[in-house]
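Engineer: If it helps, the file is called input.txt and holds compact mmCIF, C-alpha atoms:
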# COMPACT_ATOMS: atom_id res chain seq x y z
CA MET P 1 113.45 133.57 107.30
CA LEU P 2 112.40 136.85 108.91
CA SER P 3 108.74 136.12 108.23
CA ASN P 4 109.03 132.73 109.96
CA VAL P 5 109.31 133.68 113.59
CA PHE P 6 109.62 130.06 114.70
CA LEU P 7 112.74 129.30 112.63
CA LYS P 8 114.21 132.75 113.29
CA THR P 9 113.91 132.21 117.05
CA LEU P 10 115.60 128.81 116.92
CA TYR P 11 118.37 130.20 114.71
CA GLU P 12 119.03 133.14 117.03
CA LYS P 13 119.18 130.84 120.07
CA ARG P 14 121.30 128.13 118.44
CA ILE P 15 124.48 128.95 120.40
CA ALA P 16 122.62 129.01 123.72
CA ILE P 17 120.86 125.73 122.88
CA ILE P 18 124.16 124.03 121.99
CA GLY P 19 125.77 125.39 125.16
CA TRP P 20 122.97 124.08 127.37
CA ALA P 21 123.00 120.74 125.55
CA ILE P 22 126.74 120.27 126.17
CA GLY P 23 126.39 121.32 129.81
CA ILE P 24 123.48 118.93 130.43
CA LEU P 25 125.26 116.08 128.65
CA LEU P 26 128.44 116.48 130.70
CA ALA P 27 126.63 117.01 134.01
CA ILE P 28 124.35 113.99 133.65
CA ILE P 29 127.16 111.69 132.50
CA GLY P 30 129.46 112.99 135.23
CA VAL P 31 126.95 112.37 138.02
CA GLY P 32 125.68 109.18 136.39
CA VAL P 33 129.07 107.44 136.51
CA MET P 34 129.19 108.11 140.26
CA PHE P 35 126.35 105.64 140.81
CA PRO P 36 128.47 102.67 142.00
CA SER P 37 130.09 104.79 144.74
CA ILE P 38 126.81 106.46 145.70
CA LYS P 39 125.06 103.08 145.87
CA GLU P 40 127.69 101.74 148.26
CA ILE P 41 127.58 104.84 150.48
CA PHE P 42 123.80 104.90 150.73
CA GLY P 43 123.64 101.18 151.34
CA SER P 44 125.52 101.63 154.60
CA GLN P 45 124.56 105.15 155.65
CA MET P 46 120.87 105.55 154.81
CA ALA P 47 119.71 104.29 158.20
CA GLN P 48 121.51 107.21 159.86
CA ILE P 49 119.59 109.82 157.85
CA PRO P 50 116.46 111.14 159.64
CA LYS P 51 113.30 109.69 158.16
CA GLU P 52 111.92 113.14 157.36
CA PHE P 53 114.84 113.84 155.03
CA GLN P 54 114.88 110.50 153.27
CA GLY P 55 112.34 111.92 150.80
CA TRP P 56 115.31 113.49 149.02
CA PHE P 57 116.34 109.99 147.99
CA GLY P 58 113.04 108.22 147.37
CA GLU P 59 110.87 106.21 149.71
CA ASN P 60 113.10 105.30 152.66
CA GLY P 61 116.12 105.93 150.45
CA ASN P 62 115.73 102.55 148.72
CA MET P 63 115.60 104.21 145.31
CA MET P 64 119.33 104.89 145.46
CA SER P 65 120.12 101.18 145.39
CA SER P 66 119.09 100.76 141.74
CA PHE P 67 120.18 102.75 138.69
CA LYS P 68 116.59 103.43 137.62
CA GLY P 69 115.96 104.89 141.08
CA TYR P 70 119.16 106.89 140.80
CA VAL P 71 117.90 108.30 137.50
CA ALA P 72 114.61 109.40 139.09
CA THR P 73 116.17 110.94 142.20
CA GLU P 74 119.55 112.33 141.17
CA LEU P 75 119.57 112.62 137.39
CA VAL P 76 116.10 114.18 137.29
CA GLY P 77 115.35 115.52 140.75
CA ASN P 78 118.73 117.04 141.61
CA VAL P 79 121.09 117.36 138.63
CA GLY P 80 118.10 117.59 136.29
CA ILE P 81 117.23 120.92 137.89
CA MET P 82 119.51 122.32 135.17
CA LEU P 83 116.70 121.71 132.70
CA VAL P 84 114.26 123.57 134.91
CA ILE P 85 116.65 126.53 135.07
CA GLN P 86 117.09 126.63 131.29
CA ALA P 87 113.33 126.39 130.80
CA ILE P 88 112.80 129.46 132.97
CA ILE P 89 115.63 131.40 131.31
CA PHE P 90 114.43 130.70 127.77
CA GLY P 91 110.80 131.18 128.75
CA SER P 92 111.31 134.57 130.32
CA SER P 93 113.52 135.91 127.53
CA LEU P 94 112.10 134.75 124.18
CA LEU P 95 109.39 137.39 123.98
CA ALA P 96 110.03 139.87 126.80
CA GLY P 97 113.75 139.86 126.01
CA ASP P 98 113.04 140.85 122.41
CA GLU P 99 110.82 143.66 123.62
CA GLU P 100 113.43 144.98 126.06
CA ASN P 101 116.04 144.91 123.28
CA ASN P 102 113.71 146.69 120.83
CA VAL P 103 113.72 143.66 118.53
CA LEU P 104 110.03 142.89 118.88
CA GLN P 105 108.81 146.35 117.88
CA PRO P 106 110.09 146.27 114.25
CA LEU P 107 108.74 142.72 113.94
CA LEU P 108 105.25 143.99 114.74
CA THR P 109 105.39 146.33 111.72
CA LEU P 110 105.51 143.32 109.40
CA PRO P 111 102.34 141.59 108.16
CA ILE P 112 102.44 139.08 111.01
CA SER P 113 99.77 139.10 113.69
CA ARG P 114 100.64 139.29 117.36
CA ARG P 115 98.89 135.98 117.90
CA SER P 116 101.14 134.36 115.31
CA ILE P 117 104.29 135.84 116.85
CA TYR P 118 103.21 134.67 120.29
CA ALA P 119 102.34 131.16 119.06
CA GLN P 120 105.48 130.70 116.97
CA LYS P 121 107.82 131.78 119.75
CA TRP P 122 105.93 129.53 122.17
CA THR P 123 106.36 126.62 119.75
CA ALA P 124 110.09 127.37 119.50
CA LEU P 125 110.22 127.28 123.30
CA ALA P 126 108.56 123.85 123.27
CA VAL P 127 111.05 122.55 120.69
CA ILE P 128 114.01 123.85 122.72
CA ASN P 129 112.74 122.06 125.82
CA LEU P 130 112.04 118.84 123.93
CA THR P 131 115.52 118.91 122.39
CA LEU P 132 117.22 119.31 125.76
CA VAL P 133 115.13 116.54 127.35
CA ILE P 134 116.22 114.26 124.51
CA VAL P 135 119.84 115.24 125.21
CA TRP P 136 119.20 114.41 128.88
CA ALA P 137 117.85 110.96 127.93
CA ILE P 138 120.86 110.27 125.70
CA ALA P 139 123.20 111.29 128.53
CA VAL P 140 121.41 108.91 130.93
CA GLU P 141 121.85 106.04 128.48
CA ILE P 142 125.55 106.85 128.04
CA ALA P 143 126.03 106.96 131.82
CA ALA P 144 124.23 103.62 132.16
CA LEU P 145 126.55 102.02 129.62
CA LEU P 146 129.64 103.40 131.36
CA VAL P 147 128.66 101.86 134.71
CA HIS P 148 127.33 98.65 133.11
CA GLU P 149 123.73 99.32 134.12
CA THR P 150 120.50 99.46 132.13
CA VAL P 151 117.45 101.69 132.15
CA GLY P 152 114.33 100.23 130.61
CA PHE P 153 113.08 102.20 127.62
CA ASN P 154 109.59 102.38 129.13
CA ILE P 155 110.98 103.91 132.34
CA LEU P 156 113.15 106.44 130.52
CA PHE P 157 110.29 107.28 128.16
CA ARG P 158 107.68 108.01 130.82
CA ILE P 159 110.12 109.97 132.98
CA GLY P 160 111.21 111.93 129.89
CA ILE P 161 107.61 112.68 128.87
CA VAL P 162 106.68 114.03 132.31
CA PHE P 163 110.02 115.85 132.58
CA PHE P 164 109.26 117.57 129.27
CA LEU P 165 105.68 118.47 130.26
CA THR P 166 106.79 119.83 133.64
CA ASN P 167 109.42 122.07 132.04
CA LEU P 168 106.94 122.97 129.33
CA ALA P 169 104.61 124.22 132.05
CA LEU P 170 107.25 126.25 133.92
CA ALA P 171 108.78 127.75 130.75
CA PRO P 172 105.50 129.04 129.24
CA ILE P 173 104.40 130.47 132.58
CA ALA P 174 107.58 132.55 132.60
CA TYR P 175 107.01 133.24 128.89
CA SER P 176 103.40 134.32 129.46
CA ILE P 177 104.25 136.61 132.38
CA GLY P 178 106.96 138.18 130.24
CA ALA P 179 104.42 138.63 127.43
CA MET P 180 101.98 140.28 129.83
CA THR P 181 104.51 142.66 131.38
CA GLY P 182 107.18 143.13 128.71
CA LYS P 183 109.83 142.46 131.38
CA ARG P 184 111.89 139.28 131.34
CA SER P 185 112.69 139.73 135.03
CA ALA P 186 109.01 139.53 135.95
CA GLY P 187 108.55 136.03 134.59
CA GLY P 188 112.04 134.84 135.52
CA ILE P 189 111.92 135.95 139.15
CA PHE P 190 108.34 134.83 139.78
CA ILE P 191 108.77 131.35 138.31
CA GLY P 192 112.31 131.04 139.64
CA VAL P 193 111.14 131.63 143.22
CA TYR P 194 108.13 129.38 142.72
CA ALA P 195 110.23 126.53 141.28
CA PHE P 196 112.77 126.85 144.09
CA LEU P 197 110.11 126.69 146.82
CA ALA P 198 108.06 124.03 145.03
CA TYR P 199 111.11 121.78 144.66
CA PHE P 200 112.12 121.95 148.32
CA ILE P 201 108.56 121.66 149.63
CA ASN P 202 108.03 118.55 147.52
CA ALA P 203 111.31 117.02 148.69
CA LEU P 204 110.44 117.65 152.34
CA ALA P 205 106.72 116.86 152.11
CA GLY P 206 107.04 114.16 154.75
CA GLN P 207 108.05 116.59 157.49
CA GLY P 208 104.54 117.54 158.57
CA ASP P 209 100.93 118.24 157.66
CA VAL P 210 101.57 121.89 156.82
CA VAL P 211 104.33 121.05 154.35
CA LYS P 212 102.21 118.24 152.92
CA THR P 213 99.34 120.68 152.36
CA LEU P 214 101.61 123.24 150.70
CA ASN P 215 102.92 120.47 148.49
CA GLN P 216 99.55 120.41 146.74
CA LEU P 217 100.68 123.63 145.02
CA SER P 218 104.00 122.18 143.89
CA ILE P 219 104.21 121.16 140.25
CA PHE P 220 106.89 118.62 141.22
CA LYS P 221 104.33 116.73 143.28
CA TYR P 222 102.36 116.07 140.11
CA ALA P 223 105.50 115.26 138.15
CA GLY P 224 106.22 112.41 140.59
CA TYR P 225 109.52 111.39 139.01
CA ILE P 226 110.38 108.90 141.74
CA GLU P 227 107.10 107.04 141.32
CA LEU P 228 107.60 106.91 137.54
CA SER P 229 110.60 104.62 137.96
CA SER P 230 108.26 101.83 139.01
CA HIS P 231 104.73 102.96 138.14
CA THR P 232 102.91 104.20 135.06
CA ILE P 233 102.05 107.85 134.46
CA LEU P 234 99.03 109.01 136.45
CA PHE P 235 96.55 110.66 134.11
CA GLY P 236 95.25 113.01 136.83
CA ASN P 237 98.73 114.43 137.44
CA ILE P 238 99.22 115.09 133.73
CA VAL P 239 95.88 116.89 133.60
CA VAL P 240 96.95 119.27 136.39
CA ILE P 241 100.21 120.12 134.59
CA VAL P 242 98.54 120.59 131.20
CA VAL P 243 95.72 122.72 132.63
CA ALA P 244 98.26 125.07 134.27
CA LEU P 245 100.09 125.30 130.95
CA ILE P 246 96.92 126.10 128.99
CA ILE P 247 95.66 128.71 131.46
CA PHE P 248 98.88 130.72 131.35
CA TYR P 249 99.20 130.33 127.59
CA ILE P 250 95.76 131.86 127.09
CA LEU P 251 96.30 134.63 129.66
CA GLY P 252 99.60 135.62 128.09
CA LEU P 253 98.11 135.58 124.59
CA LEU P 254 95.08 137.69 125.51
CA ILE P 255 97.08 140.37 127.30
CA PHE P 256 99.96 140.44 124.79
CA SER P 257 97.49 140.85 121.92
CA ARG P 258 95.99 143.99 123.47
CA ARG P 259 98.63 145.88 125.45
CA ASP P 260 100.74 148.76 124.18
CA ILE P 261 104.30 147.94 123.17
CA GLN P 262 106.70 150.87 123.01
CA MET P 263 110.36 151.37 122.22
CA ASN P 264 112.63 151.27 125.27
For this file, produce the structure as structure tokens.
Structural biologist:
Amino acid sequence: MLSNVFLKTLYEKRIAIIGWAIGILLAIIGVGVMFPSIKEIFGSQMAQIPKEFQGWFGENGNMMSSFKGYVATELVGNVGIMLVIQAIIFGSSLLAGDEENNVLQPLLTLPISRRSIYAQKWTALAVINLTLVIVWAIAVEIAALLVHETVGFNILFRIGIVFFLTNLALAPIAYSIGAMTGKRSAGGIFIGVYAFLAYFINALAGQGDVVKTLNQLSIFKYAGYIELSSHTILFGNIVVIVVALIIFYILGLLIFSRRDIQMN
């Protein structure tokens, strides 16, 4: 198994993956079963919330009145931030973490190219993210059953696809920065701060022209989870996410393939 970096990476991270899966499952189900109470509260209180802040809850807050809207706003946009956090943690640690722990250096002495190591660990990162998005989708379905609601497969599928691609963009950016610097903190801090700011700017985009302009740099704008509950995936938005992913993948690969890696 040592020569198969992909399987070795998944095996080494199995406990962390299981832990995140259980946490996501419990969090999504726990918040999901609160929908009847949340629906009643928002039905009577939404008018009192300033218009500028109603973007947290969909257009004019109406999204909170249906379970599919609740999925897009709360179970993706708010509670689903757990998946963004795990993506950044795994992304920043898979390669740079091995280098900091002096695990990567012995691996490079084997007849495996740096490009192969980089690609296999990146693929493992993609599989981890896909697995946890699937767990998220299962948790949403369980929550829907518990509150006697339904989520159309087409809605859950398109939200899940974009959710996966968005996390797959954030995780490899952290991964690539870690590969370029050899420091997990570099990728984790940079993408962590970016994701934090991008999330809040996107949520408050209706507050003014300046915020709306800054929102053009937010990956969550192009994810458009709220719109996906009632509209199809916009091809242009997917292109933006995929292009960002490809650019950082290539940058990380080029620099990792050439820089010196020393024992810490």
Engineer: So which one's closest to Asn4 in chain P, P:Lys121, P:Lys221, P:His148, P:Arg259? Using all atoms listed in the file, please.
Structural biologist: P:Lys121
Engineer: With all atoms listed in the file as the atoms that count, which of P:Ile173, P:Phe190, P:Val239, P:Gly23 lies nearest to Val135 in chain P?
Structural biologist: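 Closest residue, counting all atoms listed in the file: P:Gly23.
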Engineer: Find the residues near Ala139 in chain P: any atom within 7 Å, counting all atoms listed in the file, skip ones fewer than 3 places away on the same chain, and give them as an MDAnalysis selection string.
Structural biologist: chainID P and resid 25 28:29 135:136 142:143
Engineer: Could you list as a VMD selection string every residue that has an atom within 7 Å of (103.4, 114.3, 134.5), using the file's coordinates and counting all atoms listed in the file?
Structural biologist: chain P and resid 162 165 to 166 222 to 224 233 237 to 238 241
Engineer: Extract, using all atoms listed in the file, all DNA, RNA and protein residues at most 9 Å from Ala174 in chain P, discarding same-chain residues fewer than 2 positions from it, and format them as a list in words.
Structural biologist: Ala87, Ile88, Ile89, Phe90, Gly91, Ser92, Ser93, Ala169, Leu170, Ala171, Pro172, Ser176, Ile177, Gly178, Ala179, Arg184, Ala186, Gly187, Gly188, Ile189, Phe190, Ile191, Gly192 and Phe248 of chain P
Engineer: Ranking P:Ser185, P:Ser230, P:Thr123, P:Ser66 by minimum distance to Lys8 in chain P and counting all atoms listed in the file, which one comes first?
Structural biologist: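 Of all the options, P:Thr123 lies closest to Lys8 in chain P.
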Engineer: With all atoms listed in the file as the basis for distance, which of P:Val5, P:Ile24, P:Leu204, P:Asn167 is at the shortest distance from Leu110 in chain P?
Structural biologist: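 That would be P:Val5, the residue with the smallest distance to Leu110 in chain P.
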Engineer: Considering all atoms listed in the file, can you say which of P:Gln216, P:Gln120, P:Asn202, P:Ser229 comes closest to Phe67 in chain P?
Structural biologist: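 Distance minimum relative to Phe67 in chain P lands on P:Ser229.
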Engineer: Please measure the separation of CA of Ile255 in chain P and CA of Val103 in chain P, giving the value in Å to one decimal.
Structural biologist: 19.1 Å
Engineer: Separation of CA of Ile22 in chain P and CA of Ala124 in chain P, in Å?
Structural biologist: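 It comes out at 19.3 Å.
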Engineer: Rounded to one decimal, what separation in Å do you get between CA of Leu145 in chain P and CA of Gly80 in chain P?
Structural biologist: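 According to the coordinates, CA of Leu145 in chain P and CA of Gly80 in chain P are separated by 18.9 Å.
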Engineer: When you count all atoms listed in the file, which of these residues is closest to Ala21 in chain P: P:Leu214, P:Ala195, P:Leu156, P:Ile128?
Structural biologist: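 Of all the options, P:Ile128 lies closest to Ala21 in chain P.
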Engineer: Near Tyr118 in chain P, within 9 Å and counting all atoms listed in the file, which residues show up once chain neighbours fewer than 2 positions away are dropped, as an NGL selection string?
Structural biologist: :P and (95 or 113-116 or 120-123 or 179 or 252-253 or 256-257)
